[in-house]
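Q: Pasting in a structure now, in structure tokens, and then I'll have a few things to ask.
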Amino acid sequence: FDGILDWQAGQGERFDGILGEEGRVRFGEVGPGVVARDDDVVFVVAPQSMQGVCIIDPLEQLVAEAEANGTPVVLVNAALGDIPSAAGVMQVRGRGDRIAFAQSFVPVFCFRCLYYAGRFVFPIVGALRYSIADAPFWTCYRRNEGDRLRPEAGAEDEEYEPVAVFTGPRAPSSEEITQVLDSKRNGKRVAVAG
């Protein structure tokens with residue numbers, strides 16, 4: 001898609017000037033030759049590798065061009081982990097470099113539903129939230145539902161109760177999250193430092 005959208009707040013409105021004078025949004029693919037000198041920011045939505053095709057190389061080229069122009073890059077819902085090849089073998093050559101590149105991005109916000117391994121996305125047992133704007137902490141929430149919350153509200157009522165806070169820039173491991181959610185189910189509250 002090679003179009004340009006007009007996306008600019010009016011003078012004096014919230015976000016006035018956030019996209020520069022023109023306030024335009026350009027669309028393109030991930031790779032070299034995409035970043036223009038007048039780009040204020042580059043958003044890459046849902047970059048992820050697929051079986052047999054790694055997104056890291058073209059993404060590295062895009063980031064290098066953006067950095068050379070002084071343009072920030074924002075990844076939205078990125079999944080930069082290694083994917084097995086068609087033969088079921090991980091790409092071994094350069095794996096350390098790919099992992100280092102993926103970890104070079106700093107998370108600024110995350111909200112992820114939690115569910116137990118082996119199940120798709122139901123039932124949701126909790127949520128994990130991170131916002132660098134509020135505080136640099138990962139908060140784990142336990143999902144409570146049903147008429148035990150408010151009998152008059154009915155069985156479809158639910159709420160998310162904070163049960164643990166993890167410190168640090170990286171998300172807590174699956175094991176740490178499981179420990180917190182399991183201990184909460186057993187009537188104990190546990191806070192785990194990440």
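Within each chain, counting starts at residue 1; across the structure tokens, chains are named A, B, ... in the order shown, with ligands numbered 1 upward in that order.
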Quick one: residues within 8 Å of range 59-74 of chain A, only C-alpha atoms counted, chain neighbours fewer than 5 positions away excluded, as a list of chain:residue names?

A: A:Val30, A:Gly31, A:Pro32, A:Gly33, A:Val34, A:Val35, A:Arg37, A:Asp39, A:Asp40, A:Val41, A:Val42, A:Phe43, A:Val44, A:Phe101

Q: Pull C-alpha atoms from the residues just selected and write them as a CSV table (one decimal), in the first residue's frame.

A:
chain,number,residue,atom,x,y,z
A,30,VAL,CA,9.4,-3.9,6.8
A,31,GLY,CA,12.8,-3.7,5.2
A,32,PRO,CA,15.4,-1.4,3.6
A,33,GLY,CA,14.3,1.7,1.7
A,34,VAL,CA,11.1,2.3,3.6
A,35,VAL,CA,12.1,5.1,6.0
A,37,ARG,CA,14.0,11.6,5.8
A,39,ASP,CA,9.3,10.6,8.9
A,40,ASP,CA,8.7,11.7,12.5
A,41,VAL,CA,8.2,8.2,13.8
A,42,VAL,CA,8.0,4.7,12.4
A,43,PHE,CA,5.4,2.3,13.8
A,44,VAL,CA,5.7,-1.4,13.0
A,101,PHE,CA,18.3,-7.4,18.8

Q: Do you know which residues are at most 12 Å from Ala78 in chain A counting only C-alpha atoms, after dropping those on the same chain fewer than 4 positions away, and could you put them as a list in words?

A: Phe43, Val44, Val45, Ala46, Pro47, Gln48, Ser49, Ile55, Ile56, Leu59, Val74, Ala102, Gln103, Phe105, Val106, Pro107, Phe109 and Cys110 of chain A

Q: What would the file look like if the residues just selected were written as a compact mmCIF listing (two decimals), in the first residue's frame with N, CA and C atoms?

A:
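Output file out-v2.txt follows:
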# COMPACT_ATOMS: atom_id res chain seq x y z
N PHE A 43 6.10 3.30 13.02
CA PHE A 43 5.37 2.28 13.78
C PHE A 43 5.40 0.99 12.96
N VAL A 44 5.76 -0.09 13.60
CA VAL A 44 5.72 -1.40 12.96
C VAL A 44 4.71 -2.23 13.76
N VAL A 45 3.62 -2.61 13.11
CA VAL A 45 2.53 -3.30 13.79
C VAL A 45 2.67 -4.80 13.61
N ALA A 46 2.72 -5.50 14.75
CA ALA A 46 2.74 -6.97 14.82
C ALA A 46 3.83 -7.63 13.99
N PRO A 47 5.10 -7.18 14.11
CA PRO A 47 6.15 -7.89 13.39
C PRO A 47 6.40 -9.25 14.03
N GLN A 48 6.46 -10.27 13.19
CA GLN A 48 6.72 -11.62 13.71
C GLN A 48 7.29 -12.50 12.61
N SER A 49 8.11 -13.44 13.03
CA SER A 49 8.65 -14.42 12.10
C SER A 49 7.59 -15.47 11.83
N ILE A 55 11.79 -12.39 10.52
CA ILE A 55 11.53 -10.95 10.37
C ILE A 55 12.71 -10.10 10.84
N ILE A 56 13.63 -10.70 11.60
CA ILE A 56 14.69 -9.92 12.24
C ILE A 56 15.57 -9.18 11.23
N LEU A 59 13.82 -6.18 9.68
CA LEU A 59 13.53 -5.23 10.76
C LEU A 59 14.80 -4.52 11.20
N VAL A 74 8.78 2.35 16.84
CA VAL A 74 7.89 1.79 17.85
C VAL A 74 7.33 0.48 17.31
N ALA A 102 16.24 -8.42 19.44
CA ALA A 102 14.86 -8.42 19.94
C ALA A 102 14.79 -7.83 21.34
N GLN A 103 15.79 -8.10 22.17
CA GLN A 103 15.79 -7.59 23.54
C GLN A 103 16.26 -6.15 23.64
N PHE A 105 14.81 -3.62 22.36
CA PHE A 105 13.64 -2.74 22.45
C PHE A 105 13.18 -2.65 23.90
N VAL A 106 12.76 -1.47 24.32
CA VAL A 106 12.31 -1.24 25.69
C VAL A 106 10.78 -1.22 25.70
N PRO A 107 10.16 -2.10 26.50
CA PRO A 107 8.69 -2.06 26.54
C PRO A 107 8.21 -0.79 27.24
N PHE A 109 4.49 -0.26 27.22
CA PHE A 109 3.18 -0.65 27.70
C PHE A 109 2.89 -2.08 27.26
N CYS A 110 2.25 -2.82 28.12
CA CYS A 110 1.85 -4.18 27.79
C CYS A 110 0.60 -4.53 28.59

Q: Hey, what does DSSP flag as strand (DSSP E) within range 45-142 of chain A? Can you give it to me as a PyMOL selection string?

A: chain A and resi 45+73-76+109-114+126-131+135-142

Q: Restricting the calculation to only C-alpha atoms, which member of A:Glu175, A:Val108, A:Asn144, A:Asp38 is positioned closest to Pro123 in chain A?

A: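 So, comparing all the options, the nearest one is A:Asn144.
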
Q: As a ChimeraX atom specification, please: the residues near Leu128 in chain A (cut-off 9 Å, only C-alpha atoms, same-chain neighbours under 5 positions excluded).

A: /A:110-114,138-141,171,177

Q: Those residues you just picked out, can you put them in a file as an mmCIF file, in the first residue's frame with N, CA and C atoms?

A:
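Wrote it out as selection-v8.cif, contents follow:
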data_model
loop_
_atom_site.group_PDB
_atom_site.id
_atom_site.type_symbol
_atom_site.label_atom_id
_atom_site.label_comp_id
_atom_site.auth_asym_id
_atom_site.auth_seq_id
_atom_site.Cartn_x
_atom_site.Cartn_y
_atom_site.Cartn_z
ATOM 1 N N CYS A 110 2.248 -2.818 28.123
ATOM 2 C CA CYS A 110 1.849 -4.183 27.789
ATOM 3 C C CYS A 110 0.601 -4.534 28.593
ATOM 4 N N PHE A 111 -0.350 -5.173 27.953
ATOM 5 C CA PHE A 111 -1.486 -5.779 28.652
ATOM 6 C C PHE A 111 -1.727 -7.114 27.991
ATOM 7 N N ARG A 112 -1.550 -8.171 28.749
ATOM 8 C CA ARG A 112 -1.640 -9.515 28.184
ATOM 9 C C ARG A 112 -2.555 -10.376 29.036
ATOM 10 N N CYS A 113 -3.504 -11.040 28.401
ATOM 11 C CA CYS A 113 -4.353 -11.996 29.110
ATOM 12 C C CYS A 113 -3.531 -13.240 29.425
ATOM 13 N N LEU A 114 -3.808 -13.835 30.584
ATOM 14 C CA LEU A 114 -3.078 -15.030 31.019
ATOM 15 C C LEU A 114 -4.013 -16.224 31.038
ATOM 16 N N TRP A 138 5.641 -4.587 36.619
ATOM 17 C CA TRP A 138 4.710 -5.526 35.989
ATOM 18 C C TRP A 138 3.732 -5.956 37.060
ATOM 19 N N THR A 139 2.448 -5.766 36.841
ATOM 20 C CA THR A 139 1.421 -6.142 37.806
ATOM 21 C C THR A 139 0.665 -7.351 37.292
ATOM 22 N N CYS A 140 0.553 -8.362 38.152
ATOM 23 C CA CYS A 140 -0.176 -9.580 37.807
ATOM 24 C C CYS A 140 -1.551 -9.515 38.467
ATOM 25 N N TYR A 141 -2.601 -9.723 37.673
ATOM 26 C CA TYR A 141 -3.977 -9.674 38.156
ATOM 27 C C TYR A 141 -4.593 -11.070 38.079
ATOM 28 N N ALA A 171 9.512 -8.744 31.408
ATOM 29 C CA ALA A 171 8.315 -9.431 31.918
ATOM 30 C C ALA A 171 8.725 -10.614 32.795
ATOM 31 N N ILE A 177 4.759 -16.294 37.157
ATOM 32 C CA ILE A 177 3.339 -15.954 37.074
ATOM 33 C C ILE A 177 2.484 -17.117 37.576
#

Q: Any idea what the distance is between CA of Asp157 in chain A and CA of Arg129 in chain A?

A: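 So the two atoms, CA of Asp157 in chain A and CA of Arg129 in chain A, lie 20.8 Å apart.
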
Q: Grab the CA of Met50 in chain A to CA of Arg26 in chain A distance for me, in Å with one decimal place.

A: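 Answer for the CA of Met50 in chain A to CA of Arg26 in chain A separation: 24.6 Å.
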
Q: Go through A:Ser104, A:Gly12, A:Tyr116, A:Arg142 one by one, measure the shortest atom-to-atom distance of each to Pro169 in chain A using only C-alpha atoms, and give the residue with the smallest value.

A: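 With only C-alpha atoms as the atom set, the closest residue is A:Ser104.
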
Q: Report, in Å with one decimal, the straight-line distance from CA of Leu75 in chain A to CA of Ser173 in chain A.

A: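 The value is 21.1 Å.
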